>>> print(open('data15.cif').read())   # mmCIF, C-alpha atoms
data_my_file
loop_
_atom_site.group_PDB
_atom_site.id
_atom_site.type_symbol
_atom_site.label_atom_id
_atom_site.label_comp_id
_atom_site.auth_asym_id
_atom_site.auth_seq_id
_atom_site.Cartn_x
_atom_site.Cartn_y
_atom_site.Cartn_z
ATOM 1 C CA MET A 1 -5.751 17.096 -20.368
ATOM 2 C CA ASP A 2 -5.514 14.335 -17.764
ATOM 3 C CA SER A 3 -7.830 14.566 -14.783
ATOM 4 C CA MET A 4 -6.178 14.692 -11.376
ATOM 5 C CA LEU A 5 -6.388 11.978 -8.746
ATOM 6 C CA ASN A 6 -7.541 13.188 -5.351
ATOM 7 C CA LEU A 7 -6.082 11.371 -2.364
ATOM 8 C CA GLY A 8 -7.417 13.154 0.661
ATOM 9 C CA ASP A 9 -5.612 16.467 0.775
ATOM 10 C CA VAL A 10 -3.199 15.590 -2.019
ATOM 11 C CA GLN A 11 -3.688 15.697 -5.763
ATOM 12 C CA VAL A 12 -1.498 13.766 -8.180
ATOM 13 C CA GLN A 13 -1.563 13.334 -11.919
ATOM 14 C CA SER A 14 -0.417 9.729 -12.211
ATOM 15 C CA ARG A 15 -2.956 7.012 -11.441
ATOM 16 C CA PHE A 16 -0.277 4.360 -11.202
ATOM 17 C CA MET A 17 0.939 3.399 -7.719
ATOM 18 C CA LEU A 18 4.002 1.175 -7.754
ATOM 19 C CA GLY A 19 5.438 -1.228 -5.215
ATOM 20 C CA THR A 20 9.173 -1.369 -4.628
ATOM 21 C CA ALA A 21 9.759 -5.044 -3.732
ATOM 22 C CA GLY A 22 11.370 -7.809 -5.705
ATOM 23 C CA TYR A 23 13.284 -5.902 -8.383
ATOM 24 C CA PRO A 24 16.505 -7.361 -9.780
ATOM 25 C CA SER A 25 18.512 -4.403 -8.468
ATOM 26 C CA PRO A 26 18.086 -0.929 -6.956
ATOM 27 C CA GLN A 27 19.059 0.519 -10.334
ATOM 28 C CA VAL A 28 16.245 -1.334 -12.096
ATOM 29 C CA LEU A 29 13.813 -0.193 -9.425
ATOM 30 C CA ARG A 30 14.908 3.399 -9.912
ATOM 31 C CA GLU A 31 14.501 3.144 -13.689
ATOM 32 C CA ALA A 32 11.110 1.437 -13.340
ATOM 33 C CA ILE A 33 9.866 4.243 -11.119
ATOM 34 C CA THR A 34 10.948 6.755 -13.728
ATOM 35 C CA ALA A 35 9.406 4.796 -16.609
ATOM 36 C CA SER A 36 6.127 4.350 -14.748
ATOM 37 C CA GLY A 37 5.695 8.057 -14.121
ATOM 38 C CA THR A 38 4.311 7.093 -10.735
ATOM 39 C CA GLN A 39 3.988 9.693 -8.027
ATOM 40 C CA ILE A 40 3.261 7.196 -5.248
ATOM 41 C CA VAL A 41 5.441 4.271 -4.231
ATOM 42 C CA THR A 42 4.839 1.765 -1.476
ATOM 43 C CA LEU A 43 7.333 0.416 0.997
ATOM 44 C CA GLY A 44 7.334 -1.770 4.067
ATOM 45 C CA LEU A 45 8.774 -1.932 7.536
ATOM 46 C CA LYS A 46 10.905 -4.764 8.835
ATOM 47 C CA ARG A 47 12.017 -5.691 12.295
ATOM 48 C CA GLN A 48 15.752 -5.162 12.201
ATOM 49 C CA LEU A 49 18.494 -3.099 13.717
ATOM 50 C CA GLY A 50 21.041 -2.142 11.109
ATOM 51 C CA GLN A 51 22.707 0.791 9.492
ATOM 52 C CA ASP A 52 20.920 2.908 6.907
ATOM 53 C CA ASN A 53 21.196 1.215 3.504
ATOM 54 C CA GLY A 54 20.144 4.328 1.631
ATOM 55 C CA PHE A 55 16.912 2.800 0.369
ATOM 56 C CA VAL A 56 14.583 5.485 1.672
ATOM 57 C CA SER A 57 16.700 8.353 0.419
ATOM 58 C CA MET A 58 16.968 6.664 -2.971
ATOM 59 C CA ILE A 59 13.193 6.363 -3.171
ATOM 60 C CA ALA A 60 12.694 9.891 -1.893
ATOM 61 C CA GLN A 61 14.959 11.216 -4.639
ATOM 62 C CA SER A 62 12.398 10.033 -7.173
ATOM 63 C CA GLY A 63 10.081 12.718 -5.840
ATOM 64 C CA ALA A 64 7.263 10.226 -5.328
ATOM 65 C CA HIS A 65 5.042 10.276 -2.270
ATOM 66 C CA LEU A 66 5.800 7.451 0.145
ATOM 67 C CA LEU A 67 3.012 5.052 1.064
ATOM 68 C CA PRO A 68 4.239 2.698 3.805
ATOM 69 C CA ASN A 69 2.322 -0.493 4.446
ATOM 70 C CA THR A 70 1.602 -2.664 7.465
ATOM 71 C CA ALA A 71 2.447 -5.916 5.695
ATOM 72 C CA GLY A 72 2.820 -8.890 7.990
ATOM 73 C CA CYS A 73 0.277 -7.714 10.550
ATOM 74 C CA ARG A 74 -2.329 -10.189 11.748
ATOM 75 C CA SER A 75 -4.225 -8.005 14.203
ATOM 76 C CA ALA A 76 -5.500 -4.460 14.492
ATOM 77 C CA ARG A 77 -3.175 -3.811 17.417
ATOM 78 C CA GLU A 78 -0.111 -4.811 15.415
ATOM 79 C CA ALA A 79 -1.174 -2.696 12.462
ATOM 80 C CA ILE A 80 -1.858 0.370 14.591
ATOM 81 C CA THR A 81 1.553 0.117 16.236
ATOM 82 C CA LEU A 82 3.324 -0.343 12.909
ATOM 83 C CA ALA A 83 1.448 2.588 11.378
ATOM 84 C CA HIS A 84 2.695 4.877 14.124
ATOM 85 C CA MET A 85 6.217 3.618 13.573
ATOM 86 C CA ALA A 86 5.939 4.285 9.846
ATOM 87 C CA ARG A 87 4.720 7.810 10.480
ATOM 88 C CA GLU A 88 7.685 8.549 12.696
ATOM 89 C CA LEU A 89 10.226 6.927 10.387
ATOM 90 C CA LEU A 90 9.006 8.352 7.110
ATOM 91 C CA GLY A 91 7.277 11.547 8.092
ATOM 92 C CA THR A 92 4.011 10.729 6.356
ATOM 93 C CA HIS A 93 0.518 10.291 7.715
ATOM 94 C CA TRP A 94 -0.370 7.996 4.821
ATOM 95 C CA ILE A 95 -0.636 4.319 5.665
ATOM 96 C CA LYS A 96 -1.556 1.372 3.484
ATOM 97 C CA LEU A 97 -3.392 -0.677 6.062
ATOM 98 C CA GLU A 98 -2.907 -4.418 5.686
ATOM 99 C CA VAL A 99 -4.225 -6.952 8.179
ATOM 100 C CA VAL A 100 -4.119 -10.502 6.887
ATOM 101 C CA GLY A 101 -6.813 -12.913 8.004
ATOM 102 C CA ASP A 102 -5.920 -16.052 6.077
ATOM 103 C CA GLU A 103 -2.444 -17.395 5.517
ATOM 104 C CA TYR A 104 -3.251 -19.274 2.313
ATOM 105 C CA THR A 105 -4.905 -16.502 0.336
ATOM 106 C CA LEU A 106 -3.467 -13.589 2.349
ATOM 107 C CA GLN A 107 -7.049 -12.351 2.372
ATOM 108 C CA PRO A 108 -7.555 -9.216 4.465
ATOM 109 C CA ASP A 109 -9.347 -9.633 7.793
ATOM 110 C CA PRO A 110 -12.358 -7.311 7.497
ATOM 111 C CA PHE A 111 -13.045 -7.177 11.232
ATOM 112 C CA GLU A 112 -9.518 -6.278 12.320
ATOM 113 C CA LEU A 113 -9.278 -3.922 9.360
ATOM 114 C CA VAL A 114 -12.249 -1.861 10.493
ATOM 115 C CA ILE A 115 -11.008 -1.782 14.092
ATOM 116 C CA ALA A 116 -7.566 -0.593 12.993
ATOM 117 C CA ALA A 117 -8.941 1.941 10.517
ATOM 118 C CA THR A 118 -11.220 3.416 13.163
ATOM 119 C CA GLN A 119 -8.301 4.101 15.490
ATOM 120 C CA LEU A 120 -5.877 5.276 12.833
ATOM 121 C CA VAL A 121 -8.328 7.802 11.400
ATOM 122 C CA LYS A 122 -8.760 9.172 14.930
ATOM 123 C CA ASP A 123 -4.980 9.349 15.211
ATOM 124 C CA GLY A 124 -4.800 11.567 12.145
ATOM 125 C CA PHE A 125 -3.786 9.075 9.474
ATOM 126 C CA GLU A 126 -4.952 9.008 5.875
ATOM 127 C CA VAL A 127 -5.785 5.324 5.761
ATOM 128 C CA PHE A 128 -5.544 3.340 2.533
ATOM 129 C CA PRO A 129 -7.077 0.001 3.575
ATOM 130 C CA TYR A 130 -6.224 -3.045 1.497
ATOM 131 C CA CYS A 131 -9.508 -4.932 1.484
ATOM 132 C CA THR A 132 -11.519 -7.427 -0.506
ATOM 133 C CA ASP A 133 -14.243 -6.448 -2.942
ATOM 134 C CA ASP A 134 -16.946 -7.041 -0.315
ATOM 135 C CA LEU A 135 -19.332 -4.106 -0.532
ATOM 136 C CA VAL A 136 -20.372 -4.033 3.117
ATOM 137 C CA THR A 137 -16.800 -4.153 4.389
ATOM 138 C CA CYS A 138 -15.949 -1.284 2.081
ATOM 139 C CA GLN A 139 -18.949 0.662 3.320
ATOM 140 C CA ARG A 140 -17.899 0.117 6.940
ATOM 141 C CA LEU A 141 -14.412 1.388 6.174
ATOM 142 C CA LEU A 142 -15.901 4.543 4.702
ATOM 143 C CA ASP A 143 -18.182 4.873 7.726
ATOM 144 C CA VAL A 144 -15.187 5.033 10.079
ATOM 145 C CA GLY A 145 -13.524 7.770 8.060
ATOM 146 C CA CYS A 146 -11.522 6.176 5.263
ATOM 147 C CA ARG A 147 -11.669 8.187 2.054
ATOM 148 C CA ILE A 148 -9.691 5.775 -0.082
ATOM 149 C CA LEU A 149 -10.309 2.050 -0.510
ATOM 150 C CA MET A 150 -7.991 -0.501 -2.048
ATOM 151 C CA PRO A 151 -9.964 -3.646 -2.928
ATOM 152 C CA TRP A 152 -8.044 -6.553 -4.372
ATOM 153 C CA GLY A 153 -8.275 -7.643 -7.968
ATOM 154 C CA ALA A 154 -7.047 -11.085 -6.928
ATOM 155 C CA PRO A 155 -4.889 -12.431 -4.093
ATOM 156 C CA ILE A 156 -1.494 -10.768 -3.699
ATOM 157 C CA GLY A 157 1.136 -11.821 -6.181
ATOM 158 C CA THR A 158 -1.063 -14.211 -8.145
ATOM 159 C CA GLY A 159 -1.245 -12.190 -11.335
ATOM 160 C CA GLN A 160 -4.758 -13.520 -11.936
ATOM 161 C CA GLY A 161 -6.101 -10.115 -12.898
ATOM 162 C CA LEU A 162 -9.600 -9.039 -11.930
ATOM 163 C CA VAL A 163 -11.241 -12.290 -10.825
ATOM 164 C CA ASN A 164 -14.540 -10.648 -9.972
ATOM 165 C CA PRO A 165 -15.102 -7.613 -12.175
ATOM 166 C CA GLY A 166 -18.802 -7.688 -11.337
ATOM 167 C CA ALA A 167 -18.068 -7.008 -7.674
ATOM 168 C CA LEU A 168 -15.683 -4.216 -8.589
ATOM 169 C CA ARG A 169 -18.319 -2.700 -10.855
ATOM 170 C CA THR A 170 -20.785 -2.820 -7.975
ATOM 171 C CA LEU A 171 -18.310 -1.048 -5.680
ATOM 172 C CA ARG A 172 -17.905 1.740 -8.195
ATOM 173 C CA ALA A 173 -21.643 2.105 -8.621
ATOM 174 C CA ARG A 174 -22.498 1.970 -4.908
ATOM 175 C CA LEU A 175 -19.589 4.053 -3.581
ATOM 176 C CA PRO A 176 -19.344 6.978 -5.986
ATOM 177 C CA GLN A 177 -17.821 9.249 -3.340
ATOM 178 C CA ALA A 178 -14.888 6.963 -2.528
ATOM 179 C CA THR A 179 -11.510 6.977 -4.183
ATOM 180 C CA LEU A 180 -11.137 3.381 -5.350
ATOM 181 C CA VAL A 181 -7.807 1.773 -6.134
ATOM 182 C CA VAL A 182 -7.462 -1.800 -7.362
ATOM 183 C CA ASP A 183 -4.609 -3.288 -5.385
ATOM 184 C CA ALA A 184 -3.089 -6.737 -5.801
ATOM 185 C CA GLY A 185 -3.498 -9.541 -8.261
ATOM 186 C CA ILE A 186 -2.899 -7.497 -11.394
ATOM 187 C CA GLY A 187 -0.937 -9.538 -13.920
ATOM 188 C CA SER A 188 -0.955 -7.701 -17.220
ATOM 189 C CA PRO A 189 -1.386 -4.181 -18.535
ATOM 190 C CA SER A 190 -4.789 -5.148 -19.911
ATOM 191 C CA ASP A 191 -5.902 -6.037 -16.333
ATOM 192 C CA ALA A 192 -4.980 -2.532 -15.269
ATOM 193 C CA ALA A 193 -6.746 -1.002 -18.244
ATOM 194 C CA LEU A 194 -9.888 -2.955 -17.389
ATOM 195 C CA ALA A 195 -9.790 -1.692 -13.807
ATOM 196 C CA MET A 196 -9.596 1.848 -15.062
ATOM 197 C CA GLU A 197 -12.368 1.285 -17.596
ATOM 198 C CA LEU A 198 -14.539 0.095 -14.698
ATOM 199 C CA GLY A 199 -14.160 3.559 -13.249
ATOM 200 C CA PHE A 200 -11.518 2.873 -10.638
ATOM 201 C CA ASP A 201 -9.440 5.877 -9.780
ATOM 202 C CA ALA A 202 -6.032 4.227 -9.752
ATOM 203 C CA VAL A 203 -4.167 0.930 -9.742
ATOM 204 C CA LEU A 204 -1.501 -0.304 -7.354
ATOM 205 C CA LEU A 205 0.755 -3.164 -8.364
ATOM 206 C CA ASN A 206 4.220 -4.521 -7.734
ATOM 207 C CA SER A 207 4.975 -8.089 -8.830
ATOM 208 C CA ALA A 208 3.755 -7.708 -12.416
ATOM 209 C CA VAL A 209 6.437 -5.091 -12.980
ATOM 210 C CA ALA A 210 9.180 -6.294 -10.643
ATOM 211 C CA GLN A 211 9.097 -9.889 -11.895
ATOM 212 C CA ALA A 212 8.750 -9.096 -15.597
ATOM 213 C CA ARG A 213 11.653 -10.049 -17.851
ATOM 214 C CA ASP A 214 12.151 -6.325 -18.436
ATOM 215 C CA PRO A 215 10.684 -4.437 -15.462
ATOM 216 C CA VAL A 216 11.416 -1.018 -16.900
ATOM 217 C CA ARG A 217 9.541 -1.648 -20.143
ATOM 218 C CA MET A 218 6.725 -3.327 -18.231
ATOM 219 C CA ALA A 219 6.424 -0.243 -16.030
ATOM 220 C CA LEU A 220 6.045 1.792 -19.185
ATOM 221 C CA ALA A 221 3.442 -0.630 -20.561
ATOM 222 C CA PHE A 222 1.379 -0.368 -17.395
ATOM 223 C CA ALA A 223 1.614 3.407 -17.428
ATOM 224 C CA MET A 224 0.235 3.489 -20.956
ATOM 225 C CA ALA A 225 -2.520 0.980 -20.174
ATOM 226 C CA ILE A 226 -3.635 2.829 -17.055
ATOM 227 C CA LYS A 227 -3.776 6.103 -18.914
ATOM 228 C CA ALA A 228 -5.668 4.523 -21.833
ATOM 229 C CA GLY A 229 -8.166 2.883 -19.502
ATOM 230 C CA ARG A 230 -8.825 6.112 -17.682
ATOM 231 C CA VAL A 231 -9.280 8.154 -20.844
ATOM 232 C CA GLY A 232 -11.590 5.456 -22.178
ATOM 233 C CA TYR A 233 -13.674 5.566 -19.031
ATOM 234 C CA GLU A 234 -13.924 9.335 -19.128
ATOM 235 C CA ALA A 235 -14.804 9.245 -22.827
ATOM 236 C CA GLY A 236 -17.718 6.895 -22.105
ATOM 237 C CA LEU A 237 -17.704 3.260 -23.165
ATOM 238 C CA ILE A 238 -20.591 2.113 -25.336
ATOM 239 C CA ALA A 239 -23.137 -0.262 -23.861
ATOM 240 C CA LYS A 240 -22.743 -3.930 -24.769
ATOM 241 C CA GLN A 241 -25.453 -5.277 -27.108
ATOM 242 C CA ASP A 242 -26.759 -8.811 -27.476
ATOM 243 C CA VAL A 243 -27.156 -8.552 -31.255
ATOM 244 C CA ALA A 244 -25.088 -7.093 -34.068
ATOM 245 C CA VAL A 245 -25.727 -3.494 -35.051
ATOM 246 C CA ALA A 246 -24.382 -2.424 -38.474
ATOM 247 C CA SER A 247 -22.075 0.551 -38.278
ATOM 248 C CA THR A 248 -21.883 1.425 -42.000
ATOM 249 C CA PRO A 249 -24.988 3.393 -43.089
ATOM 250 C CA VAL A 250 -25.659 1.593 -46.394
ATOM 251 C CA SER A 251 -29.060 1.572 -48.131
ATOM 252 C CA GLY A 252 -29.902 -2.113 -47.999
ATOM 253 C CA ARG A 253 -28.069 -4.527 -50.320
ATOM 254 C CA PRO A 254 -26.010 -2.720 -52.962
ATOM 255 C CA PHE A 255 -27.181 -4.630 -56.102
ATOM 256 C CA GLN A 256 -29.824 -7.125 -55.152
ATOM 257 C CA LEU A 257 -27.962 -9.701 -57.331
ATOM 258 C CA MET B 1 15.757 -8.494 28.135
ATOM 259 C CA ARG B 2 15.327 -9.173 24.422
ATOM 260 C CA ILE B 3 15.814 -6.949 21.432
ATOM 261 C CA ASN B 4 14.355 -8.230 18.161
ATOM 262 C CA ASP B 5 14.217 -11.756 19.599
ATOM 263 C CA GLN B 6 17.888 -11.665 20.629
ATOM 264 C CA GLU B 7 18.834 -11.840 24.281
ATOM 265 C CA HIS B 8 20.648 -8.750 25.507
ATOM 266 C CA GLU B 9 22.251 -7.970 28.826
ATOM 267 C CA TRP B 10 19.991 -5.892 31.034
ATOM 268 C CA ARG B 11 21.108 -3.522 33.741
ATOM 269 C CA GLU B 12 19.058 -1.703 36.311
ATOM 270 C CA GLY B 13 17.823 1.665 35.083
ATOM 271 C CA ILE B 14 18.833 1.339 31.422
ATOM 272 C CA THR B 15 16.640 3.401 29.116
ATOM 273 C CA LEU B 16 15.499 2.609 25.603
ATOM 274 C CA GLY B 17 17.650 5.441 24.306
ATOM 275 C CA GLU B 18 20.732 4.042 26.030
ATOM 276 C CA LEU B 19 20.027 0.576 24.691
ATOM 277 C CA LEU B 20 19.876 1.859 21.118
ATOM 278 C CA ASP B 21 23.105 3.767 21.719
ATOM 279 C CA CYS B 22 24.758 0.436 22.498
ATOM 280 C CA PHE B 23 24.128 -0.544 18.886
ATOM 281 C CA LYS B 24 25.444 2.801 17.593
ATOM 282 C CA ILE B 25 22.167 3.374 15.779
ATOM 283 C CA VAL B 26 21.307 6.845 14.548
ATOM 284 C CA PRO B 27 18.045 7.570 16.402
ATOM 285 C CA GLU B 28 16.192 8.661 13.259
ATOM 286 C CA GLN B 29 16.971 5.383 11.471
ATOM 287 C CA VAL B 30 14.681 3.184 13.554
ATOM 288 C CA ALA B 31 11.240 3.215 15.070
ATOM 289 C CA SER B 32 10.902 1.411 18.370
ATOM 290 C CA ALA B 33 8.414 -0.439 20.519
ATOM 291 C CA VAL B 34 8.527 -2.062 23.941
ATOM 292 C CA ASN B 35 6.329 -5.100 24.464
ATOM 293 C CA GLY B 36 4.419 -4.208 21.331
ATOM 294 C CA ASN B 37 3.716 -0.625 22.377
ATOM 295 C CA PHE B 38 5.091 2.126 20.149
ATOM 296 C CA ILE B 39 7.588 4.362 21.903
ATOM 297 C CA PRO B 40 8.050 7.687 20.114
ATOM 298 C CA ARG B 41 11.589 8.924 19.618
ATOM 299 C CA THR B 42 10.955 11.726 22.098
ATOM 300 C CA GLN B 43 10.184 9.225 24.872
ATOM 301 C CA ARG B 44 13.131 6.871 24.470
ATOM 302 C CA GLU B 45 15.314 8.583 27.048
ATOM 303 C CA SER B 46 12.566 8.484 29.637
ATOM 304 C CA THR B 47 11.558 4.890 28.969
ATOM 305 C CA VAL B 48 13.263 2.730 31.602
ATOM 306 C CA LEU B 49 13.481 -0.920 30.573
ATOM 307 C CA GLN B 50 12.698 -3.895 32.765
ATOM 308 C CA ALA B 51 14.498 -7.240 32.757
ATOM 309 C CA ASP B 52 11.692 -9.035 30.964
ATOM 310 C CA ASP B 53 10.980 -6.351 28.366
ATOM 311 C CA HIS B 54 11.021 -7.131 24.654
ATOM 312 C CA VAL B 55 12.277 -4.263 22.538
ATOM 313 C CA THR B 56 11.585 -4.227 18.815
ATOM 314 C CA THR B 57 12.998 -1.862 16.244
ATOM 315 C CA PHE B 58 11.852 -1.377 12.674
ATOM 316 C CA GLN B 59 13.390 0.098 9.570
ATOM 317 C CA ALA B 60 11.947 0.899 6.160
ATOM 318 C CA ILE B 61 12.438 -1.698 3.448
ATOM 319 C CA VAL B 62 11.077 -2.414 -0.004
ATOM 320 C CA GLY B 63 7.393 -3.298 -0.038
ATOM 321 C CA GLY B 64 4.293 -3.655 -2.151
#
>>> encode(input="data15.cif", output="structure tokens")
Amino acid sequence: MDSMLNLGDVQVQSRFMLGTAGYPSPQVLREAITASGTQIVTLGLKRQLGQDNGFVSMIAQSGAHLLPNTAGCRSAREAITLAHMARELLGTHWIKLEVVGDEYTLQPDPFELVIAATQLVKDGFEVFPYCTDDLVTCQRLLDVGCRILMPWGAPIGTGQGLVNPGALRTLRARLPQATLVVDAGIGSPSDAALAMELGFDAVLLNSAVAQARDPVRMALAFAMAIKAGRVGYEAGLIAKQDVAVASTPVSGRPFQL
Amino acid sequence: MRINDQEHEWREGITLGELLDCFKIVPEQVASAVNGNFIPRTQRESTVLQADDHVTTFQAIVGG
């Protein structure tokens, strides 16, 4: 039986969080959500003044929890304001906190991130901060009340996979109480499986599914990989050895010829 | 007065709620801010706009 994923006060079965941007059509997005089995989908907010295009109700019909983000924010103040807007618009206290500090890598700004997280936790949000794999930044985010951390695997949209698995392994070892989600940079199902084998609690990705030749089948592939990685982690991976160790219990050479 | 970077005619005493009515927007479909400060839906009718205010409205879109 699959273990449940705890996200603050909510428990879900799927460990696959899926972004909703960049799909060929709303129909493909809908089918990808179904194929993924995800119970959490992300969405954004945009400055505009138009009529309802039905997007939110379409997503809500999937039954998945909504995780709005603060994409585009460059300061804590912007992110805090946008988080409050998201809460009013979507009726959720979940917020994927994004504060970009570098335009080239879209690397999160750790200082603004901690400032924003501090305020948003006080304001009653369940904050999912998108951060780097820096241990001390992650620790500070936990210190101010975050229960979930979303360190990057690689910069957003690069598909490079886990560029620093050693740092991710350290996070898991040093922060056993935190719910850890690899977010961003995942390119292939095997990247996601590796994240889960490292002991991460879930994976969040978007581009690797949305931009695949067949997004629906790729969503299915990721779902299988994430589940396999998690089961493998729970089953206990063997320790790597420097030298070969025979697995067949023979009695020396068979004939001594 | 500006709304989402577009100039808009201002009149003395206009509220945020009245401004959004001008665009025939269903109140629940947008979140709003004035000069970067979030204005909850419940405060739109009591928020009187000034000539140099910048109103921003946001809607949910796809996102990662």
>>> residues_around(input="data15.cif", residues="stretch 39-53 of chain A", least_positions_apart="2", cutoff="7 Å", atoms="all atoms listed in the file", output="mmCIF file with C-alpha atoms, in the coordinates of the input")
data_model
loop_
_atom_site.group_PDB
_atom_site.id
_atom_site.type_symbol
_atom_site.label_atom_id
_atom_site.label_comp_id
_atom_site.auth_asym_id
_atom_site.auth_seq_id
_atom_site.Cartn_x
_atom_site.Cartn_y
_atom_site.Cartn_z
ATOM 1 C CA VAL A 12 -1.498 13.766 -8.180
ATOM 2 C CA SER A 14 -0.417 9.729 -12.211
ATOM 3 C CA MET A 17 0.939 3.399 -7.719
ATOM 4 C CA LEU A 18 4.002 1.175 -7.754
ATOM 5 C CA GLY A 19 5.438 -1.228 -5.215
ATOM 6 C CA THR A 20 9.173 -1.369 -4.628
ATOM 7 C CA GLY A 37 5.695 8.057 -14.121
ATOM 8 C CA PHE A 55 16.912 2.800 0.369
ATOM 9 C CA ALA A 64 7.263 10.226 -5.328
ATOM 10 C CA HIS A 65 5.042 10.276 -2.270
ATOM 11 C CA LEU A 66 5.800 7.451 0.145
ATOM 12 C CA LEU A 67 3.012 5.052 1.064
ATOM 13 C CA PRO A 68 4.239 2.698 3.805
ATOM 14 C CA ASN A 69 2.322 -0.493 4.446
ATOM 15 C CA THR A 70 1.602 -2.664 7.465
ATOM 16 C CA ALA A 71 2.447 -5.916 5.695
ATOM 17 C CA ASN B 4 14.355 -8.230 18.161
ATOM 18 C CA ILE B 25 22.167 3.374 15.779
ATOM 19 C CA GLN B 29 16.971 5.383 11.471
ATOM 20 C CA THR B 56 11.585 -4.227 18.815
ATOM 21 C CA THR B 57 12.998 -1.862 16.244
ATOM 22 C CA PHE B 58 11.852 -1.377 12.674
ATOM 23 C CA GLN B 59 13.390 0.098 9.570
ATOM 24 C CA ALA B 60 11.947 0.899 6.160
ATOM 25 C CA ILE B 61 12.438 -1.698 3.448
ATOM 26 C CA VAL B 62 11.077 -2.414 -0.004
ATOM 27 C CA GLY B 63 7.393 -3.298 -0.038
ATOM 28 C CA GLY B 64 4.293 -3.655 -2.151
#
>>> atom_distance(input="data15.cif", atom1="atom CA of B:Arg2", atom2="atom CA of B:Ser32")
13.0 Å
>>> resolve_selection(input="data15.cif", expression="the PyMOL selection byres ((chain A and resi 187) around 6)", output="JSON list (two decimals) with C-alpha atoms, keeping the file's coordinate frame")
[["chain", "number", "residue", "atom", "x", "y", "z"],
["A", 159, "GLY", "CA", -1.25, -12.19, -11.34],
["A", 160, "GLN", "CA", -4.76, -13.52, -11.94],
["A", 161, "GLY", "CA", -6.10, -10.12, -12.90],
["A", 186, "ILE", "CA", -2.90, -7.50, -11.39],
["A", 188, "SER", "CA", -0.96, -7.70, -17.22],
["A", 208, "ALA", "CA", 3.76, -7.71, -12.42]]
>>> resolve_selection(input="data15.cif", expression="the PyMOL selection byres ((chain B and resi 51) around 10)", output="PyMOL selection string")
chain B and resi 1-2+8-14+49-50+52-54
>>> write_last_selection(input="data15.cif", atoms="C-alpha atoms", output="compact mmCIF listing (two decimals), in the coordinates of the input")
# COMPACT_ATOMS: atom_id res chain seq x y z
CA MET B 1 15.76 -8.49 28.14
CA ARG B 2 15.33 -9.17 24.42
CA HIS B 8 20.65 -8.75 25.51
CA GLU B 9 22.25 -7.97 28.83
CA TRP B 10 19.99 -5.89 31.03
CA ARG B 11 21.11 -3.52 33.74
CA GLU B 12 19.06 -1.70 36.31
CA GLY B 13 17.82 1.66 35.08
CA ILE B 14 18.83 1.34 31.42
CA LEU B 49 13.48 -0.92 30.57
CA GLN B 50 12.70 -3.90 32.76
CA ASP B 52 11.69 -9.04 30.96
CA ASP B 53 10.98 -6.35 28.37
CA HIS B 54 11.02 -7.13 24.65
>>> closest_residue(input="data15.cif", among="A:Ala60, A:Ile33, A:Leu204, A:Val182", to="chain B", atoms="all atoms listed in the file")
A:Leu204
>>> closest_residue(input="data15.cif", among="B:Val26, B:Thr15, B:Val48, B:Gln43", to="chain A", atoms="only C-alpha atoms")
B:Val26
>>> resolve_selection(input="data15.cif", expression="the PyMOL selection byres ((chain A and resi 180) around 7)", output="tab-separated table (two decimals) with C-alpha atoms, keeping the file's coordinate frame")
chain	number	residue	atom	x	y	z
A	148	ILE	CA	-9.69	5.78	-0.08
A	149	LEU	CA	-10.31	2.05	-0.51
A	150	MET	CA	-7.99	-0.50	-2.05
A	178	ALA	CA	-14.89	6.96	-2.53
A	179	THR	CA	-11.51	6.98	-4.18
A	181	VAL	CA	-7.81	1.77	-6.13
A	182	VAL	CA	-7.46	-1.80	-7.36
A	200	PHE	CA	-11.52	2.87	-10.64
A	201	ASP	CA	-9.44	5.88	-9.78
A	202	ALA	CA	-6.03	4.23	-9.75
>>> atom_distance(input="data15.cif", atom1="atom CA of A:Met58", atom2="atom CA of B:Pro27")
19.4 Å
>>> residues_around(input="data15.cif", residues="stretch 123-134 of chain A", least_positions_apart="4", cutoff="6 Å", atoms="only C-alpha atoms", output="VMD selection string")
chain A and resid 93 to 98 108 146 148 to 152
>>> atom_distance(input="data15.cif", atom1="atom CA of A:Leu113", atom2="atom CA of A:Asp183")
15.5 Å
>>> axis_aligned_box(input="data15.cif", around="stretch 48-53 of chain B", padding_each_side="6 Å", output="JSON")
{"center_x": 12.7, "center_y": -3.2, "center_z": 30.6, "size_x": 15.5, "size_y": 23.8, "size_z": 16.4}
>>> closest_residue(input="data15.cif", among="A:Leu205, A:Val10, A:Leu5, A:Val163", to="chain B", atoms="only C-alpha atoms")
A:Leu205
>>> closest_residue(input="data15.cif", among="B:Gln6, B:Thr47, B:Thr42, B:Asn37", to="chain A", atoms="only C-alpha atoms")
B:Asn37
